[in-house]
file work-v3.cif (mmCIF, C-alpha atoms)
data_upload
#
loop_
_atom_site.label_atom_id
_atom_site.label_comp_id
_atom_site.auth_asym_id
_atom_site.auth_seq_id
_atom_site.Cartn_x
_atom_site.Cartn_y
_atom_site.Cartn_z
CA MET R 12 24.60 13.09 17.28
CA TRP R 13 23.90 14.97 14.05
CA ASN R 14 27.03 15.80 12.08
CA TRP R 15 26.36 18.51 9.49
CA SER R 16 29.62 18.14 7.57
CA TYR R 17 29.05 14.38 7.27
CA ALA R 18 25.49 15.01 6.13
CA ALA R 19 26.73 17.45 3.48
CA GLU R 20 29.36 14.95 2.38
CA ILE R 21 26.88 12.11 1.70
CA LEU R 22 24.10 14.28 0.29
CA PRO R 23 25.34 14.24 -3.37
CA THR R 24 25.54 10.41 -3.35
CA LEU R 25 22.01 10.17 -1.98
CA LEU R 26 20.66 12.70 -4.46
CA ASN R 27 22.20 10.68 -7.29
CA ALA R 28 20.46 7.55 -6.01
CA LEU R 29 17.23 9.53 -5.80
CA LEU R 30 17.31 9.68 -9.61
CA VAL R 31 17.11 5.87 -9.75
CA THR R 32 14.18 5.95 -7.32
CA ILE R 33 12.37 8.55 -9.41
CA GLY R 34 13.11 6.65 -12.63
CA ALA R 35 11.68 3.43 -11.20
CA THR R 36 8.64 5.30 -9.88
CA LEU R 37 7.82 6.91 -13.22
CA ALA R 38 8.45 3.77 -15.28
CA GLY R 39 6.39 1.69 -12.83
CA PHE R 40 3.56 4.22 -12.92
CA VAL R 41 3.46 4.34 -16.74
CA LEU R 42 3.43 0.53 -16.95
CA ALA R 43 0.72 0.32 -14.25
CA SER R 44 -1.42 2.90 -16.09
CA ILE R 45 -1.20 0.98 -19.37
CA LEU R 46 -1.77 -2.48 -17.84
CA GLY R 47 -4.49 -1.03 -15.60
CA ILE R 48 -6.60 0.15 -18.49
CA LEU R 49 -6.11 -3.17 -20.32
CA ILE R 50 -7.32 -5.03 -17.22
CA ALA R 51 -10.27 -2.65 -16.83
CA LEU R 52 -11.26 -3.20 -20.48
CA GLY R 53 -10.72 -6.97 -20.20
CA ARG R 54 -13.00 -7.13 -17.18
CA ARG R 55 -15.83 -5.70 -19.30
CA SER R 56 -15.28 -8.31 -22.00
CA ARG R 57 -18.09 -10.48 -23.32
CA PHE R 58 -16.04 -13.62 -22.65
CA ALA R 59 -16.72 -14.94 -19.17
CA VAL R 60 -13.42 -16.86 -19.10
CA LEU R 61 -11.41 -13.68 -19.66
CA ARG R 62 -13.53 -11.74 -17.16
CA LEU R 63 -13.32 -14.31 -14.38
CA GLY R 64 -9.67 -15.10 -15.09
CA LEU R 65 -8.70 -11.45 -14.81
CA GLN R 66 -10.75 -11.07 -11.64
CA GLY R 67 -8.90 -14.02 -10.10
CA ILE R 68 -5.49 -12.67 -11.11
CA VAL R 69 -6.30 -9.18 -9.80
CA ASN R 70 -7.52 -10.61 -6.51
CA PHE R 71 -4.40 -12.76 -6.14
CA ILE R 72 -1.95 -9.95 -6.91
CA ARG R 73 -3.73 -7.60 -4.51
CA SER R 74 -3.66 -10.21 -1.73
CA THR R 75 0.06 -10.98 -1.80
CA PRO R 76 3.02 -8.78 -0.85
CA LEU R 77 4.91 -6.84 -3.52
CA LEU R 78 8.16 -8.01 -1.92
CA VAL R 79 7.36 -11.69 -2.51
CA GLN R 80 6.16 -10.95 -6.04
CA LEU R 81 9.47 -9.23 -6.73
CA PHE R 82 11.38 -12.22 -5.36
CA PHE R 83 9.31 -14.49 -7.56
CA LEU R 84 9.95 -12.40 -10.67
CA TYR R 85 13.64 -11.86 -10.00
CA TYR R 86 14.73 -15.27 -8.71
CA SER R 87 12.23 -17.77 -10.20
CA LEU R 88 11.41 -16.42 -13.61
CA PRO R 89 14.93 -16.97 -15.03
CA MET R 90 14.65 -20.60 -13.86
CA ILE R 91 11.29 -21.15 -15.58
CA LEU R 92 11.75 -19.11 -18.76
CA PRO R 93 14.91 -18.55 -20.77
CA ILE R 94 15.06 -14.84 -19.91
CA SER R 95 17.07 -12.82 -17.49
CA LEU R 96 16.01 -9.32 -16.56
CA SER R 97 17.96 -6.60 -14.80
CA ALA R 98 16.96 -5.59 -11.27
CA PHE R 99 15.57 -2.31 -12.60
CA THR R 100 13.43 -3.97 -15.29
CA THR R 101 12.16 -6.60 -12.85
CA GLY R 102 11.36 -3.91 -10.31
CA VAL R 103 9.44 -1.86 -12.84
CA ILE R 104 7.50 -4.93 -14.01
CA GLY R 105 6.74 -5.86 -10.38
CA LEU R 106 5.55 -2.36 -9.47
CA GLY R 107 3.64 -2.07 -12.75
CA LEU R 108 1.81 -5.37 -12.33
CA HIS R 109 1.03 -4.81 -8.65
CA TYR R 110 -0.38 -1.31 -9.06
CA ALA R 111 -2.09 -2.08 -12.38
CA THR R 112 -4.54 -4.15 -10.32
CA TYR R 113 -5.27 -1.11 -8.15
CA LEU R 114 -5.45 1.30 -11.09
CA SER R 115 -7.81 -1.02 -12.99
CA GLU R 116 -10.36 -0.40 -10.23
CA VAL R 117 -9.80 3.35 -10.57
CA TYR R 118 -10.35 3.18 -14.33
CA ARG R 119 -13.45 1.06 -13.74
CA SER R 120 -14.95 3.71 -11.47
CA GLY R 121 -14.20 6.36 -14.11
CA ILE R 122 -15.77 4.30 -16.91
CA ASP R 123 -18.83 3.48 -14.79
CA ALA R 124 -19.33 7.19 -14.13
CA VAL R 125 -19.79 8.00 -17.85
CA PRO R 126 -23.55 8.50 -18.36
CA LYS R 127 -25.38 5.69 -20.14
CA GLY R 128 -26.69 8.14 -22.75
CA GLN R 129 -23.14 8.51 -24.10
CA TRP R 130 -23.05 4.79 -24.93
CA GLU R 131 -26.47 4.96 -26.52
CA ALA R 132 -25.50 8.02 -28.55
CA ALA R 133 -22.39 6.22 -29.80
CA THR R 134 -24.53 3.26 -30.84
CA ALA R 135 -27.06 5.57 -32.52
CA LEU R 136 -24.25 7.25 -34.49
CA ASP R 137 -23.04 3.79 -35.52
CA LEU R 138 -19.53 4.36 -34.19
CA SER R 139 -17.19 1.38 -34.18
CA PRO R 140 -16.28 -0.04 -30.73
CA VAL R 141 -12.76 1.40 -31.07
CA ARG R 142 -14.07 4.88 -31.87
CA THR R 143 -16.64 4.64 -29.08
CA TRP R 144 -13.88 3.90 -26.57
CA PHE R 145 -11.26 6.33 -27.79
CA SER R 146 -13.42 9.26 -28.90
CA ILE R 147 -16.37 9.07 -26.53
CA ILE R 148 -15.85 7.04 -23.36
CA LEU R 149 -12.18 7.37 -22.35
CA PRO R 150 -11.94 11.16 -22.92
CA GLN R 151 -14.78 11.51 -20.39
CA ALA R 152 -13.73 8.70 -18.04
CA VAL R 153 -10.07 9.61 -17.53
CA PRO R 154 -9.90 13.33 -16.55
CA PRO R 155 -12.02 12.93 -13.36
CA ILE R 156 -9.80 10.09 -12.10
CA ILE R 157 -6.47 11.87 -12.67
CA PRO R 158 -6.20 12.98 -9.00
CA ILE R 159 -6.74 9.41 -7.79
CA MET R 160 -4.11 8.18 -10.23
CA GLY R 161 -1.82 10.85 -8.81
CA ASN R 162 -2.29 9.34 -5.37
CA TYR R 163 -1.13 6.01 -6.74
CA LEU R 164 1.94 7.72 -8.20
CA ILE R 165 2.80 8.75 -4.63
CA VAL R 166 2.07 5.24 -3.34
CA ILE R 167 4.41 3.77 -5.97
CA LEU R 168 7.13 6.25 -5.01
CA LYS R 169 6.87 5.11 -1.39
CA GLU R 170 7.04 1.45 -2.41
CA THR R 171 10.24 1.76 -4.49
CA PRO R 172 12.53 1.09 -1.48
CA THR R 173 11.19 -2.49 -1.61
CA LEU R 174 13.12 -2.84 -4.88
CA SER R 175 16.34 -2.78 -2.86
CA ALA R 176 15.53 -6.41 -1.92
CA ILE R 177 16.29 -7.46 -5.50
CA THR R 178 19.59 -5.54 -5.41
CA LEU R 179 18.43 -2.37 -7.16
CA VAL R 180 20.71 0.36 -5.80
CA GLU R 181 18.09 3.03 -5.20
CA LEU R 182 17.93 5.62 -2.43
CA LEU R 183 17.43 3.34 0.58
CA LEU R 184 20.07 0.79 -0.45
CA THR R 185 22.50 3.65 -1.14
CA ALA R 186 21.83 4.96 2.37
CA LYS R 187 22.44 1.48 3.75
CA ASN R 188 25.71 1.13 1.83
CA THR R 189 26.81 4.59 2.98
CA ALA R 190 26.01 3.65 6.56
CA SER R 191 27.95 0.40 6.36
CA VAL R 192 31.07 2.19 5.10
CA SER R 193 31.12 4.95 7.70
CA TYR R 194 29.35 3.21 10.61
CA ARG R 195 27.32 6.40 10.93
CA VAL R 196 23.70 5.38 10.60
CA PHE R 197 21.66 8.30 11.82
CA GLU R 198 22.36 10.83 9.03
CA PRO R 199 21.91 8.61 5.93
CA TYR R 200 18.57 7.16 7.07
CA THR R 201 17.26 10.48 8.33
CA ILE R 202 18.15 12.23 5.05
CA THR R 203 16.52 9.37 3.12
CA GLY R 204 13.37 9.69 5.21
CA ILE R 205 13.25 13.45 4.72
CA LEU R 206 13.79 13.16 0.95
CA PHE R 207 10.87 10.74 0.62
CA LEU R 208 8.73 12.91 2.86
CA VAL R 209 9.49 16.11 0.92
CA ILE R 210 8.86 14.56 -2.51
CA SER R 211 5.60 12.89 -1.52
CA LEU R 212 4.34 16.02 0.24
CA LEU R 213 5.24 18.12 -2.83
CA LEU R 214 3.49 15.63 -5.11
CA SER R 215 0.35 15.57 -2.98
CA PHE R 216 0.35 19.38 -2.87
CA GLY R 217 0.63 19.42 -6.67
CA MET R 218 -2.19 16.88 -6.96
CA ALA R 219 -4.47 18.99 -4.76
CA ARG R 220 -3.85 21.99 -7.05
CA LEU R 221 -4.42 19.90 -10.17
CA GLU R 222 -7.67 18.60 -8.70
CA LYS R 223 -8.88 22.13 -8.03
CA ARG R 224 -8.07 23.16 -11.59
CA LEU R 225 -9.83 20.09 -13.04
CA ASN R 226 -12.90 20.76 -10.90
CA ARG R 227 -13.02 24.34 -12.11
CA ARG R 228 -12.89 23.21 -15.73
CA HIS R 229 -15.65 20.64 -15.18
CA THR R 230 -18.02 23.03 -13.50
CA ALA R 231 -17.30 25.91 -15.89
CA MET F 91 12.12 -35.08 -9.14
CA SER F 92 9.48 -34.73 -6.47
CA VAL F 93 9.20 -31.48 -4.57
CA PRO F 94 10.15 -31.88 -0.86
CA TRP F 95 7.15 -29.91 0.45
CA LEU F 96 7.21 -31.74 3.79
CA ASP F 97 10.78 -30.69 4.61
CA TRP F 98 9.73 -27.06 4.34
CA LEU F 99 6.71 -27.27 6.60
CA PRO F 100 8.37 -26.76 10.02
CA LEU F 101 10.20 -23.57 9.00
CA LEU F 102 7.25 -22.16 7.06
CA GLY F 103 4.97 -22.99 10.00
CA GLU F 104 7.20 -21.05 12.40
CA GLY F 105 7.40 -18.17 9.95
CA THR F 106 3.63 -18.11 9.51
CA LEU F 107 3.16 -17.91 13.28
CA ILE F 108 5.61 -14.98 13.51
CA THR F 109 3.88 -13.22 10.62
CA ILE F 110 0.49 -13.68 12.30
CA LYS F 111 1.92 -12.40 15.60
CA ILE F 112 3.36 -9.27 13.96
CA ALA F 113 0.12 -8.75 12.06
CA LEU F 114 -2.08 -9.03 15.18
CA LEU F 115 0.14 -6.73 17.27
CA SER F 116 0.34 -4.17 14.44
CA ILE F 117 -3.42 -4.37 13.96
CA ALA F 118 -3.86 -3.53 17.65
CA VAL F 119 -1.48 -0.55 17.43
CA ALA F 120 -2.92 0.63 14.12
CA LEU F 121 -6.56 0.43 15.29
CA CYS F 122 -5.79 2.36 18.50
CA LEU F 123 -3.98 5.07 16.52
CA SER F 124 -6.76 5.18 13.89
CA ALA F 125 -9.40 5.66 16.55
CA LEU F 126 -7.36 8.29 18.42
CA ALA F 127 -6.31 10.33 15.38
CA GLY F 128 -9.59 9.77 13.54
CA LEU F 129 -11.72 10.98 16.43
CA GLY F 130 -9.07 13.59 17.23
CA SER F 131 -9.37 15.16 13.79
CA THR F 132 -13.08 15.74 14.44
CA SER F 133 -12.42 17.19 17.90
CA PRO F 134 -13.66 20.70 18.71
CA ILE F 135 -10.34 21.40 20.51
CA ILE F 136 -7.97 22.91 17.97
CA ILE F 137 -4.71 21.54 19.45
CA ILE F 138 -5.99 17.96 19.32
CA ARG F 139 -7.15 18.54 15.77
CA ILE F 140 -3.78 19.92 14.67
CA ALA F 141 -1.89 17.08 16.39
CA SER F 142 -4.09 14.47 14.69
CA ARG F 143 -3.78 16.10 11.26
CA THR F 144 0.01 16.36 11.61
CA TYR F 145 0.28 12.68 12.54
CA ILE F 146 -1.95 11.63 9.64
CA GLU F 147 -0.22 13.77 6.99
CA LEU F 148 3.31 12.96 8.19
CA PHE F 149 2.96 9.20 8.37
CA ARG F 150 0.93 8.91 5.19
CA ALA F 151 3.67 10.77 3.34
CA CYS F 152 6.42 8.59 4.79
CA SER F 153 7.58 5.41 3.09
CA LEU F 154 6.94 2.44 5.41
CA LEU F 155 10.20 0.68 4.63
CA VAL F 156 12.23 3.84 5.21
CA LEU F 157 10.36 4.36 8.48
CA LEU F 158 11.14 0.78 9.50
CA PHE F 159 14.84 1.29 8.75
CA TRP F 160 14.82 4.54 10.66
CA VAL F 161 13.11 3.03 13.70
CA TYR F 162 15.34 -0.04 13.77
CA PHE F 163 18.74 1.29 12.68
CA ALA F 164 18.72 5.03 13.42
CA LEU F 165 16.71 5.32 16.64
CA PRO F 166 19.28 3.38 18.73
CA PHE F 167 21.67 6.29 18.05
CA VAL F 168 19.41 8.60 20.02
CA GLY F 169 19.07 6.05 22.81
CA VAL F 170 15.84 4.30 21.81
CA GLU F 171 16.58 0.64 21.24
CA LEU F 172 13.70 -1.61 20.21
CA SER F 173 13.71 -5.34 19.52
CA LYS F 174 13.16 -6.40 15.90
CA LEU F 175 9.59 -7.40 16.69
CA TRP F 176 8.65 -4.11 18.32
CA ALA F 177 10.44 -2.01 15.71
CA GLY F 178 8.36 -3.80 13.06
CA VAL F 179 5.12 -3.50 15.00
CA LEU F 180 5.72 0.17 15.76
CA ALA F 181 6.60 1.13 12.17
CA ILE F 182 3.72 -0.82 10.62
CA GLY F 183 1.27 0.34 13.29
CA LEU F 184 2.23 4.01 12.89
CA ASN F 185 1.99 3.83 9.10
CA ILE F 186 -1.28 1.89 8.80
CA GLY F 187 -2.79 3.84 11.71
CA ALA F 188 -2.47 7.07 9.72
CA TYR F 189 -4.44 5.56 6.83
CA GLY F 190 -6.96 4.07 9.27
CA ALA F 191 -7.50 7.46 10.89
CA GLU F 192 -8.67 8.83 7.54
CA ILE F 193 -11.17 5.96 7.27
CA VAL F 194 -12.47 6.66 10.79
CA ARG F 195 -12.74 10.39 10.09
CA SER F 196 -14.59 10.00 6.79
CA ALA F 197 -16.93 7.38 8.29
CA ILE F 198 -17.85 9.80 11.08
CA PHE F 199 -18.46 12.60 8.59
CA ALA F 200 -20.56 10.25 6.44
CA VAL F 201 -23.15 9.76 9.20
CA PRO F 202 -26.12 11.87 7.99
CA LYS F 203 -26.46 15.27 9.64
CA GLY F 204 -30.06 14.51 10.58
CA GLN F 205 -28.74 11.96 13.08
CA TYR F 206 -26.87 14.71 14.98
CA GLU F 207 -29.92 16.94 14.84
CA ALA F 208 -32.26 14.16 15.99
CA SER F 209 -30.02 13.36 18.96
CA LEU F 210 -29.95 17.06 19.86
CA ALA F 211 -33.72 17.22 19.58
CA LEU F 212 -34.01 14.18 21.87
CA ASN F 213 -31.78 16.02 24.36
CA LEU F 214 -29.08 13.30 24.46
CA THR F 215 -25.82 14.22 26.20
CA PRO F 216 -22.74 14.61 23.95
CA THR F 217 -21.38 11.27 25.28
CA GLU F 218 -24.61 9.46 24.49
CA ARG F 219 -24.76 11.14 21.09
CA THR F 220 -21.21 10.00 20.23
CA TRP F 221 -21.39 6.45 21.57
CA LYS F 222 -25.01 5.48 20.95
CA ILE F 223 -25.84 7.31 17.72
CA ILE F 224 -22.74 8.28 15.76
CA ILE F 225 -20.18 5.51 16.48
CA PRO F 226 -22.45 2.50 15.79
CA GLN F 227 -23.38 3.93 12.40
CA ALA F 228 -19.81 4.99 11.62
CA VAL F 229 -18.35 1.56 12.49
CA ALA F 230 -20.63 -0.13 9.96
CA ARG F 231 -19.27 2.20 7.28
CA MET F 232 -15.67 1.66 8.34
CA ILE F 233 -15.57 -2.10 7.91
CA PRO F 234 -15.24 -2.48 4.10
CA PRO F 235 -12.35 0.02 3.73
CA MET F 236 -10.76 -1.33 6.94
CA SER F 237 -10.83 -4.81 5.42
CA ASN F 238 -8.71 -3.57 2.51
CA LEU F 239 -6.40 -1.71 4.88
CA LEU F 240 -5.82 -4.78 7.04
CA ILE F 241 -4.87 -6.75 3.93
CA GLU F 242 -2.37 -3.97 3.14
CA LEU F 243 -1.11 -4.36 6.72
CA LEU F 244 -0.66 -8.10 6.33
CA LYS F 245 1.21 -7.55 3.07
CA SER F 246 3.46 -4.97 4.68
CA THR F 247 4.50 -7.38 7.45
CA SER F 248 6.70 -9.02 4.80
CA LEU F 249 8.94 -5.93 4.98
CA VAL F 250 10.29 -7.04 8.38
CA TYR F 251 12.37 -9.42 6.27
CA PHE F 252 14.67 -6.41 5.75
CA ILE F 253 15.48 -6.19 9.47
CA THR F 254 16.07 -9.98 9.51
CA LEU F 255 13.07 -10.79 11.68
CA SER F 256 12.30 -14.46 10.96
CA ASP F 257 8.84 -14.04 9.48
CA LEU F 258 7.32 -16.06 6.65
CA THR F 259 9.28 -14.34 3.89
CA TYR F 260 12.56 -14.63 5.79
CA GLU F 261 12.06 -18.35 6.44
CA ALA F 262 11.25 -18.90 2.78
CA MET F 263 14.54 -17.23 1.84
CA ILE F 264 16.37 -19.56 4.24
CA ILE F 265 14.67 -22.58 2.68
CA ARG F 266 15.68 -21.23 -0.72
CA ASN F 267 19.36 -21.28 0.34
CA ASN F 268 19.12 -25.01 1.01
CA TYR F 269 16.86 -25.98 -1.88
CA TYR F 270 18.08 -23.58 -4.52
CA SER F 271 16.80 -25.57 -7.51
CA TYR F 272 13.25 -25.46 -6.13
CA THR F 273 13.14 -21.65 -5.97
CA PRO F 274 9.99 -21.26 -8.13
CA TYR F 275 8.06 -23.78 -5.99
CA ILE F 276 9.13 -22.09 -2.75
CA PHE F 277 7.99 -18.65 -3.87
CA ALA F 278 4.77 -20.03 -5.37
CA LEU F 279 4.02 -21.68 -2.03
CA LEU F 280 4.90 -18.46 -0.20
CA LEU F 281 2.52 -16.45 -2.39
CA GLY F 282 -0.14 -19.11 -1.73
CA ILE F 283 0.25 -18.84 2.05
CA TYR F 284 -0.03 -15.04 1.94
CA PHE F 285 -3.12 -15.38 -0.24
CA VAL F 286 -4.73 -17.71 2.32
CA LEU F 287 -3.89 -15.30 5.17
CA SER F 288 -5.33 -12.32 3.24
CA SER F 289 -8.45 -14.27 2.39
CA SER F 290 -9.02 -15.15 6.03
CA ILE F 291 -8.84 -11.44 6.88
CA SER F 292 -11.42 -10.53 4.25
CA ILE F 293 -13.72 -13.39 5.32
CA THR F 294 -13.50 -12.34 8.99
CA MET F 295 -14.27 -8.75 8.05
CA ARG F 296 -17.26 -9.82 5.97
CA ILE F 297 -18.68 -11.72 8.96
CA LEU F 298 -18.06 -8.68 11.18
CA GLU F 299 -19.79 -6.45 8.65
CA ARG F 300 -22.87 -8.64 8.75
CA LYS F 301 -22.91 -8.41 12.56
CA PHE F 302 -22.49 -4.64 12.65
CA THR F 303 -25.14 -4.00 10.04
CA ALA F 304 -27.72 -6.35 11.60
CA TRP F 305 -29.72 -3.28 12.73
CA ARG F 306 -30.23 -2.09 9.18
#

call {"tool": "encode", "arguments": {"input": "work-v3.cif", "output": "structure tokens"}}
result
Amino acid sequence: MWNWSYAAEILPTLLNALLVTIGATLAGFVLASILGILIALGRRSRFAVLRLGLQGIVNFIRSTPLLVQLFFLYYSLPMILPISLSAFTTGVIGLGLHYATYLSEVYRSGIDAVPKGQWEAATALDLSPVRTWFSIILPQAVPPIIPIMGNYLIVILKETPTLSAITLVELLLTAKNTASVSYRVFEPYTITGILFLVISLLLSFGMARLEKRLNRRHTA
Amino acid sequence: MSVPWLDWLPLLGEGTLITIKIALLSIAVALCLSALAGLGSTSPIIIIRIASRTYIELFRACSLLVLLFWVYFALPFVGVELSKLWAGVLAIGLNIGAYGAEIVRSAIFAVPKGQYEASLALNLTPTERTWKIIIPQAVARMIPPMSNLLIELLKSTSLVYFITLSDLTYEAMIIRNNYYSYTPYIFALLLGIYFVLSSSISITMRILERKFTAWR
């Protein structure tokens, strides 16, 4: 049932494809972090139209499957707009947009947790809104939410196989291609499963350690 | 150029029914597993606790789509052959159940300690304590996070498209083959249908929440 020499033979191919998976994960996470904070800031805006519009968009993106959003971006966008994006770029944009809506809530919780006195002090010192945000609020809002953001990094990693639907040759699609050449299915999919399992367990172990260190710094 | 919405209705209708069927079956599997593993991880018996924790950690760390591929394509090689429907239901149920178990566990731990102490003071049996005091209060706390989780479940049913089960997404892709130039409309409609389905989950859960918190 399990053929070790076959497993060893396909392992380098799969590890190569893992690099694509990791690349998409990191790029998607960075994009989601940037868009997430923009959404969080926009939802505190004075303009009701912007606030309500963003809330509607966030709600819609969170209520529909990433897979369908990817299909929409990859197959419809080139028909509406005169652009054509690679599978990797589309995948990163899809992941980034989808998880930005989740991360915006995380940022919001971090911002809400900054004591009100900090805002009042910034006003009393006559700091500009930009300085208030970048020197006072965000430096206090972001460190406590880093562990939660780390969890979303793991979630994004686990969602990258969906990108194979728009022909991105990442780990799962490579396993599928390997299986269709050799007609041996068990090893490629099992190795793929184990690779995902190992990386996400390692990441969550790392996050737990990071959280402990952050807690120590905050209490000290 | 008018959009032939009506021609798409029969296929999308069938797909919607399949998606709802997968969602309901997976919800049943996921809720059973959440309750078992969630209660199990608070059990005083160490073996049950370890088994529950292992299940939760393992399936939360596993990618759902990879799990689905493994269940559908790899398991037949060890003699377990499941239909597309049951492979989908099993994979989604196992995955979402692990997240649900964490919700159940944290809701049980969130019941104030005084409630345990009061039920001890009133000399209730352990069964009475669990079912009459702890569970009713825990369930009320579970509903809002469960509502989000069930929406995640509904969204993840679209992944059965990969094992060519004719759900909503799959039917939309078939329609797209025949009406290629209408691709943006088809996907917009598809997103709309998923949005309606998700909204009906969150509305149902909000009604349930009101029922379960009536005692407050």

call {"tool": "closest_atom_pairs", "arguments": {"input": "work-v3.cif", "of": "chain R", "to": "chain F", "cutoff": "9 Å", "atoms": "all atoms listed in the file", "output": "Markdown table"}}
result
| residue | atom | partner | partner_atom | distance |
| --- | --- | --- | --- | --- |
| R:Met12 | CA | F:Val168 | CA | 7.4 |
| R:Phe71 | CA | F:Phe285 | CA | 6.6 |
| R:Ile72 | CA | F:Phe285 | CA | 8.7 |
| R:Arg73 | CA | F:Ile241 | CA | 8.6 |
| R:Ser74 | CA | F:Phe285 | CA | 5.4 |
| R:Thr75 | CA | F:Tyr284 | CA | 5.5 |
| R:Pro76 | CA | F:Lys245 | CA | 4.5 |
| R:Leu77 | CA | F:Lys245 | CA | 7.6 |
| R:Leu78 | CA | F:Ser248 | CA | 7.0 |
| R:Val79 | CA | F:Leu281 | CA | 6.8 |
| R:Gln80 | CA | F:Leu281 | CA | 7.5 |
| R:Phe82 | CA | F:Phe277 | CA | 7.4 |
| R:Phe83 | CA | F:Phe277 | CA | 5.7 |
| R:Tyr86 | CA | F:Thr273 | CA | 7.1 |
| R:Ser87 | CA | F:Pro274 | CA | 4.6 |
| R:Leu88 | CA | F:Pro274 | CA | 7.4 |
| R:Met90 | CA | F:Pro274 | CA | 7.4 |
| R:Ile91 | CA | F:Pro274 | CA | 7.6 |
| R:Ile165 | CA | F:Ala151 | CA | 8.3 |
| R:Val166 | CA | F:Ser153 | CA | 8.5 |
| R:Leu168 | CA | F:Ser153 | CA | 8.2 |
| R:Lys169 | CA | F:Ser153 | CA | 4.5 |
| R:Glu170 | CA | F:Ser153 | CA | 6.8 |
| R:Thr171 | CA | F:Ser153 | CA | 8.8 |
| R:Pro172 | CA | F:Leu155 | CA | 6.6 |
| R:Thr173 | CA | F:Leu155 | CA | 7.1 |
| R:Ala176 | CA | F:Phe252 | CA | 7.7 |
| R:Leu183 | CA | F:Val156 | CA | 7.0 |
| R:Val196 | CA | F:Ala164 | CA | 5.7 |
| R:Phe197 | CA | F:Ala164 | CA | 4.7 |
| R:Glu198 | CA | F:Ala164 | CA | 8.1 |
| R:Pro199 | CA | F:Ala164 | CA | 8.9 |
| R:Tyr200 | CA | F:Trp160 | CA | 5.8 |
| R:Thr201 | CA | F:Trp160 | CA | 6.8 |
| R:Thr203 | CA | F:Val156 | CA | 7.3 |
| R:Gly204 | CA | F:Val156 | CA | 6.0 |
| R:Ile205 | CA | F:Cys152 | CA | 8.4 |
| R:Phe207 | CA | F:Cys152 | CA | 6.5 |
| R:Leu208 | CA | F:Cys152 | CA | 5.3 |
| R:Val209 | CA | F:Ala151 | CA | 8.3 |
| R:Ile210 | CA | F:Ala151 | CA | 8.7 |
| R:Ser211 | CA | F:Ala151 | CA | 5.6 |
| R:Leu212 | CA | F:Ala151 | CA | 6.1 |
| R:Ser215 | CA | F:Ala151 | CA | 8.6 |

call {"tool": "residues_around", "arguments": {"input": "work-v3.cif", "residues": "range 108-118 of chain F", "least_positions_apart": "6", "cutoff": "6 Å", "atoms": "only C-alpha atoms", "output": "list in words"}}
result
Val179, Gly183, Leu244, Asp257 and Leu258 of chain F

call {"tool": "atom_distance", "arguments": {"input": "work-v3.cif", "atom1": "CA of Leu240 in chain F", "atom2": "CA of Ile193 in chain F"}}
result
12.0 Å

call {"tool": "resolve_selection", "arguments": {"input": "work-v3.cif", "expression": "the PyMOL selection byres ((chain F and resi 145) around 12)", "output": "CSV table (one decimal) with C-alpha atoms, keeping the file's coordinate frame"}}
result
chain,number,residue,atom,x,y,z
F,123,LEU,CA,-4.0,5.1,16.5
F,124,SER,CA,-6.8,5.2,13.9
F,126,LEU,CA,-7.4,8.3,18.4
F,127,ALA,CA,-6.3,10.3,15.4
F,128,GLY,CA,-9.6,9.8,13.5
F,130,GLY,CA,-9.1,13.6,17.2
F,131,SER,CA,-9.4,15.2,13.8
F,138,ILE,CA,-6.0,18.0,19.3
F,139,ARG,CA,-7.2,18.5,15.8
F,140,ILE,CA,-3.8,19.9,14.7
F,141,ALA,CA,-1.9,17.1,16.4
F,142,SER,CA,-4.1,14.5,14.7
F,143,ARG,CA,-3.8,16.1,11.3
F,144,THR,CA,0.0,16.4,11.6
F,146,ILE,CA,-2.0,11.6,9.6
F,147,GLU,CA,-0.2,13.8,7.0
F,148,LEU,CA,3.3,13.0,8.2
F,149,PHE,CA,3.0,9.2,8.4
F,150,ARG,CA,0.9,8.9,5.2
F,151,ALA,CA,3.7,10.8,3.3
F,152,CYS,CA,6.4,8.6,4.8
F,184,LEU,CA,2.2,4.0,12.9
F,185,ASN,CA,2.0,3.8,9.1
F,186,ILE,CA,-1.3,1.9,8.8
F,187,GLY,CA,-2.8,3.8,11.7
F,188,ALA,CA,-2.5,7.1,9.7
F,189,TYR,CA,-4.4,5.6,6.8
F,190,GLY,CA,-7.0,4.1,9.3
F,191,ALA,CA,-7.5,7.5,10.9
F,192,GLU,CA,-8.7,8.8,7.5

call {"tool": "residues_around", "arguments": {"input": "work-v3.cif", "residues": "range 26-41 of chain R", "least_positions_apart": "3", "cutoff": "8 Å", "atoms": "all atoms listed in the file", "output": "short mmCIF file (atom, residue, chain, number, x, y, z; two decimals) with C-alpha atoms, in the frame of the given file"}}
result
data_model
loop_
_atom_site.label_atom_id
_atom_site.label_comp_id
_atom_site.auth_asym_id
_atom_site.auth_seq_id
_atom_site.Cartn_x
_atom_site.Cartn_y
_atom_site.Cartn_z
CA LEU R 22 24.10 14.28 0.29
CA PRO R 23 25.34 14.24 -3.37
CA SER R 44 -1.42 2.90 -16.09
CA ILE R 45 -1.20 0.98 -19.37
CA PHE R 99 15.57 -2.31 -12.60
CA GLY R 102 11.36 -3.91 -10.31
CA VAL R 103 9.44 -1.86 -12.84
CA ILE R 104 7.50 -4.93 -14.01
CA GLY R 105 6.74 -5.86 -10.38
CA LEU R 106 5.55 -2.36 -9.47
CA GLY R 107 3.64 -2.07 -12.75
CA TYR R 110 -0.38 -1.31 -9.06
CA TYR R 163 -1.13 6.01 -6.74
CA LEU R 164 1.94 7.72 -8.20
CA ILE R 167 4.41 3.77 -5.97
CA LEU R 168 7.13 6.25 -5.01
CA THR R 171 10.24 1.76 -4.49
CA PRO R 172 12.53 1.09 -1.48
CA VAL R 180 20.71 0.36 -5.80
CA GLU R 181 18.09 3.03 -5.20
CA LEU R 182 17.93 5.62 -2.43
CA THR R 185 22.50 3.65 -1.14
#
